[in-house]
file upload.txt (compact mmCIF, C-alpha atoms)
# COMPACT_ATOMS: atom_id res chain seq x y z
CA MET A 3 8.19 8.26 6.49
CA LEU A 4 7.22 11.25 8.60
CA ARG A 5 10.87 12.28 8.71
CA GLU A 6 11.37 11.60 5.01
CA ASN A 7 8.35 13.69 4.12
CA SER A 8 9.59 16.49 6.34
CA ASN A 9 13.02 16.44 4.71
CA ALA A 10 11.65 16.27 1.18
CA ASN A 11 9.37 19.25 1.68
CA ASN A 12 11.47 21.24 4.13
CA LEU A 13 8.74 21.14 6.74
CA PRO A 14 9.37 21.28 10.47
CA VAL A 15 8.51 18.20 12.46
CA ASN A 16 9.40 16.89 15.88
CA ILE A 17 9.42 13.16 15.41
CA LEU A 18 9.99 12.64 19.12
CA ALA A 19 6.31 13.50 19.49
CA VAL A 20 5.51 10.18 17.84
CA THR A 21 6.64 8.40 20.99
CA ASN A 22 5.98 11.17 23.50
CA GLU A 23 2.51 12.64 23.35
CA THR A 24 3.47 15.49 25.68
CA LEU A 25 5.60 17.01 22.89
CA ASP A 26 4.31 19.15 20.03
CA PRO A 27 4.81 17.34 16.70
CA LEU A 28 5.00 20.76 14.95
CA VAL A 29 2.53 19.41 12.40
CA PRO A 30 -0.73 21.36 12.13
CA LEU A 31 -3.42 19.59 14.18
CA GLY A 32 -0.70 17.31 15.50
CA ASN A 33 -1.99 17.09 19.04
CA GLU A 34 -5.57 16.50 17.92
CA LEU A 35 -4.47 13.79 15.50
CA VAL A 36 -2.34 12.01 18.09
CA ALA A 37 -5.18 12.01 20.61
CA PHE A 38 -7.60 10.66 18.02
CA VAL A 39 -5.23 7.90 16.93
CA ASP A 40 -4.56 6.93 20.53
CA ALA A 41 -8.26 6.51 21.21
CA ILE A 42 -8.81 4.38 18.10
CA VAL A 43 -5.82 2.07 18.49
CA LEU A 44 -6.30 1.62 22.22
CA LEU A 45 -10.07 1.23 21.75
CA ASP A 46 -10.52 3.85 24.44
CA PHE A 47 -14.25 4.41 24.17
CA ASP A 48 -14.22 7.10 26.87
CA GLU A 49 -11.61 9.26 25.14
CA LEU A 50 -12.67 8.56 21.57
CA PRO A 51 -15.75 10.85 21.47
CA ILE A 52 -13.73 13.66 23.03
CA ALA A 53 -10.83 13.27 20.62
CA ARG A 54 -13.14 12.92 17.62
CA GLN A 55 -15.04 16.06 18.60
CA ALA A 56 -11.81 18.01 19.08
CA LEU A 57 -10.49 17.01 15.66
CA HIS A 58 -13.84 17.75 14.06
CA ASP A 59 -14.03 21.17 15.65
CA ALA A 60 -10.49 22.03 14.60
CA ALA A 61 -10.54 20.70 11.05
CA GLY A 62 -13.97 19.43 10.07
CA PRO A 63 -15.53 16.07 9.25
CA GLY A 64 -13.20 15.33 6.35
CA ALA A 65 -10.20 15.35 8.68
CA VAL A 66 -11.96 12.90 10.99
CA THR A 67 -12.64 10.55 8.11
CA ARG A 68 -9.12 10.73 6.68
CA ALA A 69 -7.41 10.32 10.03
CA ALA A 70 -9.56 7.28 10.82
CA ALA A 71 -8.83 5.88 7.37
CA VAL A 72 -5.05 6.24 7.59
CA CYS A 73 -5.03 4.83 11.11
CA ALA A 74 -7.18 1.90 10.01
CA GLY A 75 -4.90 1.12 7.11
CA PHE A 76 -1.87 0.94 9.36
CA GLU A 77 -3.80 -1.11 11.92
CA GLY A 78 -3.94 -3.75 9.21
CA THR A 79 -0.44 -3.34 7.86
CA ASN A 80 1.11 -3.43 11.33
CA ARG A 81 -0.58 -6.75 12.02
CA VAL A 82 0.54 -8.25 8.72
CA VAL A 83 4.20 -7.32 8.92
CA ASP A 84 4.56 -8.35 12.55
CA ALA A 85 2.66 -11.62 12.17
CA VAL A 86 4.70 -12.85 9.21
CA GLY A 87 8.05 -11.55 10.45
CA VAL A 88 8.97 -8.85 7.96
CA PRO A 89 12.31 -7.55 9.22
CA VAL A 90 12.82 -3.86 9.85
CA ASN A 91 14.67 -2.13 7.04
CA LYS A 92 18.15 -1.12 8.21
CA ARG A 93 17.61 2.43 7.01
CA TYR A 94 15.15 2.87 9.89
CA TYR A 95 17.63 1.84 12.60
CA ASP A 96 18.85 5.41 13.11
CA ILE A 97 15.34 6.76 13.56
CA ALA A 98 14.59 4.00 16.06
CA ASP A 99 17.62 5.14 18.03
CA GLU A 100 16.47 8.74 17.82
CA LEU A 101 13.03 7.75 19.10
CA GLN A 102 14.68 5.69 21.84
CA VAL A 103 12.86 2.54 20.82
CA THR A 104 14.61 -0.80 20.55
CA ILE A 105 14.14 -2.93 17.50
CA PRO A 106 13.86 -6.48 18.81
CA ASP A 107 16.40 -9.01 17.63
CA HIS A 108 13.79 -11.11 15.84
CA LEU A 109 12.99 -8.19 13.50
CA ARG A 110 16.57 -7.27 12.65
CA GLY A 111 17.30 -8.46 9.15
CA MET B 22 -18.31 -2.84 24.40
CA TYR B 23 -18.29 -0.43 21.48
CA THR B 24 -21.42 1.51 20.59
CA ALA B 25 -21.72 3.85 17.65
CA SER B 26 -22.07 7.59 18.17
CA GLN B 27 -25.08 9.47 16.88
CA PRO B 28 -24.76 11.61 14.91
CA THR B 29 -21.41 10.84 13.35
CA LEU B 30 -18.90 13.69 13.08
CA ALA B 31 -17.18 12.18 10.07
CA ALA B 32 -17.63 13.01 6.41
CA PRO B 33 -19.08 10.25 4.23
CA ASP B 34 -16.62 8.50 1.93
CA ALA B 35 -18.46 6.51 -0.70
CA ALA B 36 -15.27 5.12 -2.24
CA ALA B 37 -14.12 3.75 1.10
CA ASP B 38 -17.55 2.31 1.80
CA SER B 39 -17.52 0.59 -1.58
CA ALA B 40 -14.03 -0.80 -0.92
CA ILE B 41 -15.17 -2.09 2.46
CA ALA B 42 -18.17 -3.79 0.88
CA ASP B 43 -15.80 -5.47 -1.58
CA ALA B 44 -13.46 -6.47 1.25
CA LEU B 45 -16.27 -8.01 3.25
CA ARG B 46 -17.42 -9.98 0.20
CA ASN B 47 -13.85 -11.17 -0.21
CA ILE B 48 -13.71 -12.28 3.42
CA ALA B 49 -16.92 -14.25 2.91
CA THR B 50 -15.64 -15.98 -0.22
CA ALA B 51 -13.53 -19.15 -0.18
CA GLY B 52 -9.82 -18.46 -0.36
CA SER B 53 -6.91 -20.76 -1.06
CA PHE B 54 -7.27 -22.78 2.14
CA PHE B 55 -10.39 -21.69 4.03
CA THR B 56 -14.03 -21.76 2.99
CA GLY B 57 -16.07 -18.58 3.11
CA SER B 58 -17.71 -19.82 6.28
CA GLU B 59 -14.32 -20.45 7.90
CA ARG B 60 -13.04 -17.03 6.87
CA VAL B 61 -16.07 -15.32 8.38
CA THR B 62 -15.45 -17.32 11.55
CA LEU B 63 -11.87 -16.05 11.61
CA ALA B 64 -13.21 -12.50 11.35
CA HIS B 65 -15.67 -13.21 14.16
CA GLN B 66 -12.88 -14.51 16.37
CA ALA B 67 -10.78 -11.42 15.61
CA ARG B 68 -13.62 -9.15 16.70
CA PHE B 69 -14.15 -11.20 19.84
CA ALA B 70 -10.44 -11.03 20.66
CA ARG B 71 -10.53 -7.25 20.37
CA GLY B 72 -13.57 -6.98 22.64
CA LEU B 73 -15.85 -5.92 19.80
CA GLU B 74 -18.07 -9.01 20.03
CA PRO B 75 -19.45 -10.45 23.27
CA THR B 76 -18.87 -14.09 22.33
CA GLY B 77 -16.49 -15.95 20.07
CA PRO B 78 -16.90 -18.90 17.73
CA ASP B 79 -15.72 -22.46 18.26
CA LEU B 80 -12.35 -22.94 16.60
CA ALA B 81 -9.44 -25.34 16.84
CA GLN B 82 -7.15 -24.09 19.59
CA ILE B 83 -4.22 -23.23 17.36
CA VAL B 84 -6.47 -21.31 14.99
CA ALA B 85 -8.17 -19.42 17.82
CA ASP B 86 -4.83 -18.61 19.42
CA THR B 87 -3.32 -17.45 16.14
CA VAL B 88 -6.26 -15.19 15.35
CA ARG B 89 -6.17 -13.70 18.85
CA ARG B 90 -2.44 -13.03 18.65
CA VAL B 91 -2.66 -11.34 15.25
CA ALA B 92 -5.70 -9.32 16.30
CA VAL B 93 -4.48 -8.03 19.67
CA GLU B 94 -0.75 -8.58 20.06
CA ALA B 95 0.84 -9.05 16.68
CA MET B 96 3.99 -7.47 18.08
CA ASN B 97 4.53 -10.62 20.13
CA SER B 98 4.57 -12.85 17.06
CA ARG B 99 7.62 -15.06 16.65
CA SER B 100 8.87 -17.56 14.11
CA GLU B 101 8.08 -20.28 16.64
CA HIS B 102 4.38 -19.54 16.17
CA VAL B 103 4.63 -20.23 12.45
CA ALA B 104 6.62 -23.38 13.19
CA ALA B 105 3.96 -24.54 15.63
CA TRP B 106 1.30 -23.92 12.99
CA GLU B 107 3.17 -26.06 10.48
CA ALA B 108 3.83 -28.73 13.13
CA GLU B 109 0.06 -29.16 13.34
CA GLY B 110 0.12 -30.18 9.69
CA LEU B 111 -1.24 -26.83 8.53
CA ASP B 112 0.09 -25.12 5.43
CA VAL B 113 2.18 -22.03 6.01
CA LEU B 114 0.19 -20.26 3.31
CA ALA B 115 -2.99 -20.99 5.27
CA PHE B 116 -1.30 -19.00 8.03
CA VAL B 117 -0.80 -16.17 5.56
CA GLU B 118 -4.46 -16.34 4.56
CA LEU B 119 -5.51 -16.17 8.21
CA VAL B 120 -3.29 -13.15 8.79
CA ALA B 121 -4.80 -11.42 5.76
CA VAL B 122 -8.37 -11.98 6.93
CA VAL B 123 -7.66 -10.87 10.49
CA ALA B 124 -5.78 -7.79 9.35
CA GLN B 125 -8.55 -6.86 6.95
CA ILE B 126 -11.41 -7.09 9.45
CA SER B 127 -9.31 -5.35 12.10
CA SER B 128 -8.69 -2.48 9.69
CA ILE B 129 -12.34 -2.18 8.77
CA ASP B 130 -13.42 -2.26 12.41
CA SER B 131 -10.87 0.36 13.44
CA TYR B 132 -12.14 2.61 10.66
CA ARG B 133 -15.73 2.31 11.78
CA VAL B 134 -14.74 2.83 15.42
CA GLY B 135 -12.82 5.94 14.45
CA LEU B 136 -15.80 7.35 12.61
CA GLY B 137 -18.16 6.50 15.43
CA ALA B 138 -20.15 4.41 13.00
CA PRO B 139 -21.70 0.99 13.63
CA LEU B 140 -19.53 -2.01 12.83
CA ASP B 141 -20.39 -3.71 9.56
CA GLY B 142 -22.33 -6.91 10.00
CA LEU B 143 -20.23 -9.98 9.37
CA PRO B 144 -21.07 -11.08 5.84
CA ALA B 145 -23.00 -14.22 4.96
CA PRO B 146 -20.56 -16.85 3.71
CA VAL B 147 -20.51 -17.52 -0.01
CA PRO B 148 -20.75 -21.26 -0.72
CA GLY B 149 -17.73 -22.83 -2.35
CA GLU B 150 -14.59 -24.78 -1.67
CA PRO B 151 -11.11 -23.30 -1.28
CA THR B 152 -9.11 -23.15 -4.48
CA PRO B 153 -5.35 -22.73 -4.22
CA ALA B 154 -4.36 -19.44 -5.83
CA ASN B 155 -0.83 -19.05 -4.62
CA ASP B 156 2.08 -17.62 -6.55
CA GLU B 157 4.40 -20.58 -7.09
CA ARG B 158 7.46 -18.34 -7.17
CA ALA B 159 7.05 -17.63 -3.45
CA VAL B 160 9.78 -18.95 -1.17
CA LYS B 161 10.87 -18.19 2.36
CA SER B 162 13.59 -15.55 2.23
CA ASN B 163 13.87 -12.93 4.96
CA ALA B 164 10.49 -13.47 6.65
CA TRP B 165 8.80 -16.44 8.35
CA VAL B 166 6.47 -17.09 5.43
CA PRO B 167 7.02 -17.38 1.69
CA THR B 168 7.02 -14.22 -0.39
CA VAL B 169 7.80 -13.40 -4.00
CA GLY B 170 11.01 -11.41 -3.67
CA ILE B 171 12.20 -10.14 -0.34
CA ALA B 172 9.58 -9.53 2.31
CA LEU B 173 8.62 -5.90 2.74
CA ALA B 174 5.33 -4.42 3.84
CA PRO B 175 4.00 -4.29 0.25
CA THR B 176 5.13 -7.87 -0.49
CA ALA B 177 4.24 -9.56 2.79
CA LEU B 178 1.07 -11.16 1.40
CA ASN B 179 2.11 -11.59 -2.22
CA ALA B 180 2.35 -15.38 -2.03
CA LEU B 181 -1.46 -15.17 -2.10
CA PRO B 182 -2.17 -12.59 -4.82
CA ASN B 183 -5.89 -12.41 -4.07
CA GLU B 184 -5.25 -11.49 -0.45
CA LYS B 185 -2.67 -8.89 -1.42
CA ALA B 186 -5.05 -7.40 -3.96
CA ALA B 187 -7.83 -7.17 -1.38
CA LYS B 188 -5.59 -5.39 1.09
CA ASP B 189 -4.17 -3.06 -1.56
CA ALA B 190 -7.68 -2.07 -2.67
CA MET B 191 -8.47 -0.90 0.85
CA SER B 192 -5.13 0.87 1.30
CA LYS B 193 -5.60 2.77 -1.94
CA GLU B 194 -8.84 4.29 -0.70
CA TRP B 195 -7.67 4.97 2.82
CA TYR B 196 -4.07 6.09 2.35
CA LEU B 197 -2.00 5.91 -0.82
CA THR B 198 -1.23 3.42 -3.52
CA ASP B 199 2.12 1.67 -3.18
CA GLU B 200 3.62 3.60 -6.08
CA PHE B 201 3.12 6.92 -4.26
CA VAL B 202 4.11 5.87 -0.75
CA HIS B 203 7.69 7.04 -1.16
CA LYS B 204 6.97 10.01 -3.45
CA TYR B 205 6.82 12.78 -0.91
CA ASP B 206 6.67 15.62 -3.39
CA ILE B 207 3.23 14.59 -4.60
CA ASP B 208 0.24 16.10 -2.82
CA PRO B 209 -2.12 13.20 -2.13
CA GLY B 210 -5.12 15.50 -2.46
CA ARG B 211 -6.63 14.22 0.75
CA GLU B 212 -8.35 16.08 3.59
CA LEU B 213 -5.08 15.90 5.54
CA THR B 214 -1.63 16.90 4.32
CA ARG B 215 0.97 14.22 3.72
CA ALA B 216 2.74 15.25 6.93
CA GLN B 217 -0.48 14.86 8.91
CA MET B 218 -1.14 11.48 7.34
CA GLU B 219 2.38 10.34 8.17
CA LEU B 220 1.96 11.50 11.76
CA VAL B 221 -1.20 9.40 12.02
CA ALA B 222 0.60 6.44 10.47
CA SER B 223 3.66 6.79 12.71
CA ARG B 224 1.65 7.10 15.90
CA THR B 225 -0.49 4.10 14.94
CA SER B 226 2.61 2.00 14.36
CA PHE B 227 4.20 3.18 17.60
CA LEU B 228 1.13 2.20 19.64
CA ASN B 229 1.11 -1.19 17.94
CA GLU B 230 4.83 -1.53 18.76
CA CYS B 231 5.40 -1.99 15.06
CA PHE B 232 8.56 -0.64 13.44
CA PHE B 233 7.14 -0.25 9.98

call {"tool": "encode", "arguments": {"input": "upload.txt", "output": "structure tokens"}}
result
Amino acid sequence: MLRENSNANNLPVNILAVTNETLDPLVPLGNELVAFVDAIVLLDFDELPIARQALHDAAGPGAVTRAAAVCAGFEGTNRVVDAVGVPVNKRYYDIADELQVTIPDHLRG
Amino acid sequence: MYTASQPTLAAPDAAADSAIADALRNIATAGSFFTGSERVTLAHQARFARGLEPTGPDLAQIVADTVRRVAVEAMNSRSEHVAAWEAEGLDVLAFVELVAVVAQISSIDSYRVGLGAPLDGLPAPVPGEPTPANDERAVKSNAWVPTVGIALAPTALNALPNEKAAKDAMSKEWYLTDEFVHKYDIDPGRELTRAQMELVASRTSFLNECFF
């Protein structure tokens, strides 16, 4: 959906940054957001205060709240779709190839 | 072990807090297959599996294993796990209910962790017996569990409308309602742009090895 949003609004984005944190996503605050998400999902309690502070300093407390909220929502959705075996929509196969990730056979519809 | 930061660097969100309070009440209330007490125990086990509680509850092995897998390695789920659940004489929709509870508490906990806030206390169970509230149109189609229509992210829990509604209520406050998810020309009016929100979503899914 990152790519679709970019296309719809003619905004630059480097979706390879989704899978490679050394790249610039070309989204404002991209690096701060990626670092914050990483710390939440990986429950990295050493990095989390640093990442939270960096995002706060760059964009304020509202950005911290919204980023945590969106991340939290997908933490739930990811668990649901994987646990009940929702297959990956074929329209995402090309993006998976672009990101150099392999969709496992059990999730191919 | 997680400890909250003081002071928090996050902005308060009363609507999200209200939705979380509702979600916790829902977890504590009897569902279609589990009592409120059992559902709270599932949430406790999910926290324990994620290292957010020092001790876990006593649970039947297959239930404990299923909660742990959904909570910490959902990407390793396979159809064989659902088959093993049913081979124990358990209803496949009870599996769906478990998934819904574990996903919900995991979401809430990740939110609090992100904010640097204390975890919510597990709610006191509401007395009452489970009452089946499944959508009888649900059948197994393209997923491992029954759904009404083909299984997609928005329909994955729809065999149990109450569980879907509880999850949707949280998603609406945190992200977007389903009707706006694919409408990219609409500004969500959030503190982050749509592109920033999608970057957060994409990175979260990547780390969870989820292809949604």

call {"tool": "interface_residues", "arguments": {"input": "upload.txt", "of": "chain B", "to": "chain A", "cutoff": "7 Å", "atoms": "all atoms listed in the file", "output": "PDB file with C-alpha atoms, in the coordinates of the input"}}
result
ATOM      1  CA  TYR B  23     -18.290  -0.430  21.480  1.00  0.00           C
ATOM      2  CA  LEU B  30     -18.900  13.690  13.080  1.00  0.00           C
ATOM      3  CA  ALA B  31     -17.180  12.180  10.070  1.00  0.00           C
ATOM      4  CA  ALA B  32     -17.630  13.010   6.410  1.00  0.00           C
ATOM      5  CA  VAL B  91      -2.660 -11.340  15.250  1.00  0.00           C
ATOM      6  CA  ALA B  95       0.840  -9.050  16.680  1.00  0.00           C
ATOM      7  CA  MET B  96       3.990  -7.470  18.080  1.00  0.00           C
ATOM      8  CA  SER B  98       4.570 -12.850  17.060  1.00  0.00           C
ATOM      9  CA  VAL B 120      -3.290 -13.150   8.790  1.00  0.00           C
ATOM     10  CA  ALA B 121      -4.800 -11.420   5.760  1.00  0.00           C
ATOM     11  CA  ALA B 124      -5.780  -7.790   9.350  1.00  0.00           C
ATOM     12  CA  GLN B 125      -8.550  -6.860   6.950  1.00  0.00           C
ATOM     13  CA  SER B 127      -9.310  -5.350  12.100  1.00  0.00           C
ATOM     14  CA  SER B 128      -8.690  -2.480   9.690  1.00  0.00           C
ATOM     15  CA  ILE B 129     -12.340  -2.180   8.770  1.00  0.00           C
ATOM     16  CA  SER B 131     -10.870   0.360  13.440  1.00  0.00           C
ATOM     17  CA  TYR B 132     -12.140   2.610  10.660  1.00  0.00           C
ATOM     18  CA  VAL B 134     -14.740   2.830  15.420  1.00  0.00           C
ATOM     19  CA  GLY B 135     -12.820   5.940  14.450  1.00  0.00           C
ATOM     20  CA  LEU B 136     -15.800   7.350  12.610  1.00  0.00           C
ATOM     21  CA  ALA B 164      10.490 -13.470   6.650  1.00  0.00           C
ATOM     22  CA  TRP B 165       8.800 -16.440   8.350  1.00  0.00           C
ATOM     23  CA  VAL B 166       6.470 -17.090   5.430  1.00  0.00           C
ATOM     24  CA  ALA B 172       9.580  -9.530   2.310  1.00  0.00           C
ATOM     25  CA  LEU B 173       8.620  -5.900   2.740  1.00  0.00           C
ATOM     26  CA  ALA B 174       5.330  -4.420   3.840  1.00  0.00           C
ATOM     27  CA  ALA B 177       4.240  -9.560   2.790  1.00  0.00           C
ATOM     28  CA  SER B 192      -5.130   0.870   1.300  1.00  0.00           C
ATOM     29  CA  TRP B 195      -7.670   4.970   2.820  1.00  0.00           C
ATOM     30  CA  TYR B 196      -4.070   6.090   2.350  1.00  0.00           C
ATOM     31  CA  TYR B 205       6.820  12.780  -0.910  1.00  0.00           C
ATOM     32  CA  ASP B 206       6.670  15.620  -3.390  1.00  0.00           C
ATOM     33  CA  GLU B 212      -8.350  16.080   3.590  1.00  0.00           C
ATOM     34  CA  LEU B 213      -5.080  15.900   5.540  1.00  0.00           C
ATOM     35  CA  ALA B 216       2.740  15.250   6.930  1.00  0.00           C
ATOM     36  CA  GLN B 217      -0.480  14.860   8.910  1.00  0.00           C
ATOM     37  CA  MET B 218      -1.140  11.480   7.340  1.00  0.00           C
ATOM     38  CA  GLU B 219       2.380  10.340   8.170  1.00  0.00           C
ATOM     39  CA  LEU B 220       1.960  11.500  11.760  1.00  0.00           C
ATOM     40  CA  VAL B 221      -1.200   9.400  12.020  1.00  0.00           C
ATOM     41  CA  ALA B 222       0.600   6.440  10.470  1.00  0.00           C
ATOM     42  CA  SER B 223       3.660   6.790  12.710  1.00  0.00           C
ATOM     43  CA  ARG B 224       1.650   7.100  15.900  1.00  0.00           C
ATOM     44  CA  THR B 225      -0.490   4.100  14.940  1.00  0.00           C
ATOM     45  CA  SER B 226       2.610   2.000  14.360  1.00  0.00           C
ATOM     46  CA  PHE B 227       4.200   3.180  17.600  1.00  0.00           C
ATOM     47  CA  ASN B 229       1.110  -1.190  17.940  1.00  0.00           C
ATOM     48  CA  CYS B 231       5.400  -1.990  15.060  1.00  0.00           C
ATOM     49  CA  PHE B 232       8.560  -0.640  13.440  1.00  0.00           C
ATOM     50  CA  PHE B 233       7.140  -0.250   9.980  1.00  0.00           C
TER      51      PHE B 233
END

call {"tool": "atom_distance", "arguments": {"input": "upload.txt", "atom1": "CA of Leu181 in chain B", "atom2": "CA of Phe54 in chain B"}}
result
10.5 Å

call {"tool": "atom_distance", "arguments": {"input": "upload.txt", "atom1": "CA of Gly210 in chain B", "atom2": "CA of Asp26 in chain A"}}
result
24.7 Å

call {"tool": "residues_around", "arguments": {"input": "upload.txt", "residues": "Leu18 in chain A", "least_positions_apart": "5", "cutoff": "8 Å", "atoms": "only C-alpha atoms", "output": "PyMOL selection string"}}
result
chain A and resi 25+27+100-101

call {"tool": "write_last_selection", "arguments": {"input": "upload.txt", "atoms": "C-alpha atoms", "output": "PDB file, in the coordinates of the input"}}
result
ATOM      1  CA  LEU A  25       5.600  17.010  22.890  1.00  0.00           C
ATOM      2  CA  PRO A  27       4.810  17.340  16.700  1.00  0.00           C
ATOM      3  CA  GLU A 100      16.470   8.740  17.820  1.00  0.00           C
ATOM      4  CA  LEU A 101      13.030   7.750  19.100  1.00  0.00           C
TER       5      LEU A 101
END

call {"tool": "residues_near_point", "arguments": {"input": "upload.txt", "point": "(-11.6, -15.0, -2.2)", "cutoff": "9 Å", "atoms": "only C-alpha atoms", "output": "list in words"}}
result
Arg46, Asn47, Ile48, Ala49, Thr50, Ala51, Gly52, Ser53, Thr56, Gly57, Pro151, Thr152, Asn183, Glu184 and Ala187 of chain B

call {"tool": "atom_distance", "arguments": {"input": "upload.txt", "atom1": "CA of Thr62 in chain B", "atom2": "CA of Leu80 in chain B"}}
result
8.2 Å

call {"tool": "closest_residue", "arguments": {"input": "upload.txt", "among": "B:Met22, B:Glu118, B:Asp208, B:Pro139", "to": "Thr76 in chain B", "atoms": "all atoms listed in the file"}}
result
B:Met22

call {"tool": "closest_residue", "arguments": {"input": "upload.txt", "among": "B:Leu73, B:Leu114, B:Ala42, B:Val169", "to": "Leu140 in chain B", "atoms": "only C-alpha atoms"}}
result
B:Leu73

call {"tool": "residues_around", "arguments": {"input": "upload.txt", "residues": "Glu109 in chain B", "least_positions_apart": "5", "cutoff": "12 Å", "atoms": "all atoms listed in the file", "output": "ChimeraX atom specification"}}
result
/B:81-84,102-104,115-116

call {"tool": "residues_around", "arguments": {"input": "upload.txt", "residues": "Val88 in chain B", "least_positions_apart": "4", "cutoff": "7 Å", "atoms": "only C-alpha atoms", "output": "PyMOL selection string"}}
result
chain B and resi 63+66-67+84+92+123

call {"tool": "decode", "arguments": {"input": "upload.txt", "residues": "range 123-141 of chain B", "atoms": "N, CA and C atoms", "output": "PDB file, in the first residue's frame"}}
result
ATOM      1  N   VAL B 123      -5.599 -13.068  21.161  1.00  0.00           N
ATOM      2  CA  VAL B 123      -4.143 -12.900  21.210  1.00  0.00           C
ATOM      3  C   VAL B 123      -3.713 -11.703  20.362  1.00  0.00           C
ATOM      4  N   ALA B 124      -4.308 -11.567  19.197  1.00  0.00           N
ATOM      5  CA  ALA B 124      -3.962 -10.428  18.340  1.00  0.00           C
ATOM      6  C   ALA B 124      -4.341  -9.117  19.020  1.00  0.00           C
ATOM      7  N   GLN B 125      -5.487  -9.105  19.660  1.00  0.00           N
ATOM      8  CA  GLN B 125      -5.960  -7.870  20.286  1.00  0.00           C
ATOM      9  C   GLN B 125      -5.048  -7.451  21.443  1.00  0.00           C
ATOM     10  N   ILE B 126      -4.702  -8.362  22.316  1.00  0.00           N
ATOM     11  CA  ILE B 126      -3.851  -7.974  23.456  1.00  0.00           C
ATOM     12  C   ILE B 126      -2.439  -7.652  22.964  1.00  0.00           C
ATOM     13  N   SER B 127      -1.992  -8.338  21.927  1.00  0.00           N
ATOM     14  CA  SER B 127      -0.660  -8.035  21.401  1.00  0.00           C
ATOM     15  C   SER B 127      -0.626  -6.628  20.810  1.00  0.00           C
ATOM     16  N   SER B 128      -1.683  -6.256  20.119  1.00  0.00           N
ATOM     17  CA  SER B 128      -1.785  -4.898  19.580  1.00  0.00           C
ATOM     18  C   SER B 128      -1.760  -3.858  20.694  1.00  0.00           C
ATOM     19  N   ILE B 129      -2.579  -4.087  21.675  1.00  0.00           N
ATOM     20  CA  ILE B 129      -2.682  -3.111  22.774  1.00  0.00           C
ATOM     21  C   ILE B 129      -1.335  -2.973  23.481  1.00  0.00           C
ATOM     22  N   ASP B 130      -0.682  -4.102  23.716  1.00  0.00           N
ATOM     23  CA  ASP B 130       0.609  -4.055  24.410  1.00  0.00           C
ATOM     24  C   ASP B 130       1.667  -3.351  23.560  1.00  0.00           C
ATOM     25  N   SER B 131       1.667  -3.615  22.258  1.00  0.00           N
ATOM     26  CA  SER B 131       2.654  -2.950  21.402  1.00  0.00           C
ATOM     27  C   SER B 131       2.430  -1.440  21.393  1.00  0.00           C
ATOM     28  N   TYR B 132       1.181  -1.042  21.426  1.00  0.00           N
ATOM     29  CA  TYR B 132       0.867   0.396  21.483  1.00  0.00           C
ATOM     30  C   TYR B 132       1.430   1.016  22.759  1.00  0.00           C
ATOM     31  N   ARG B 133       1.153   0.399  23.871  1.00  0.00           N
ATOM     32  CA  ARG B 133       1.638   0.950  25.142  1.00  0.00           C
ATOM     33  C   ARG B 133       3.167   0.970  25.184  1.00  0.00           C
ATOM     34  N   VAL B 134       3.777  -0.100  24.700  1.00  0.00           N
ATOM     35  CA  VAL B 134       5.244  -0.161  24.648  1.00  0.00           C
ATOM     36  C   VAL B 134       5.779   0.978  23.783  1.00  0.00           C
ATOM     37  N   GLY B 135       5.154   1.184  22.650  1.00  0.00           N
ATOM     38  CA  GLY B 135       5.591   2.256  21.763  1.00  0.00           C
ATOM     39  C   GLY B 135       5.512   3.616  22.430  1.00  0.00           C
ATOM     40  N   LEU B 136       4.454   3.837  23.171  1.00  0.00           N
ATOM     41  CA  LEU B 136       4.286   5.121  23.853  1.00  0.00           C
ATOM     42  C   LEU B 136       5.221   5.276  25.047  1.00  0.00           C
ATOM     43  N   GLY B 137       5.717   4.149  25.544  1.00  0.00           N
ATOM     44  CA  GLY B 137       6.485   4.203  26.788  1.00  0.00           C
ATOM     45  C   GLY B 137       5.582   4.244  28.006  1.00  0.00           C
ATOM     46  N   ALA B 138       4.354   3.828  27.813  1.00  0.00           N
ATOM     47  CA  ALA B 138       3.359   3.851  28.887  1.00  0.00           C
ATOM     48  C   ALA B 138       3.295   2.486  29.579  1.00  0.00           C
ATOM     49  N   PRO B 139       2.775   2.449  30.787  1.00  0.00           N
ATOM     50  CA  PRO B 139       2.593   1.146  31.452  1.00  0.00           C
ATOM     51  C   PRO B 139       1.615   0.274  30.673  1.00  0.00           C
ATOM     52  N   LEU B 140       1.809  -1.034  30.756  1.00  0.00           N
ATOM     53  CA  LEU B 140       0.823  -1.941  30.163  1.00  0.00           C
ATOM     54  C   LEU B 140      -0.472  -1.834  30.958  1.00  0.00           C
ATOM     55  N   ASP B 141      -1.577  -2.007  30.262  1.00  0.00           N
ATOM     56  CA  ASP B 141      -2.872  -2.037  30.939  1.00  0.00           C
ATOM     57  C   ASP B 141      -2.931  -3.295  31.811  1.00  0.00           C
TER      58      ASP B 141
END
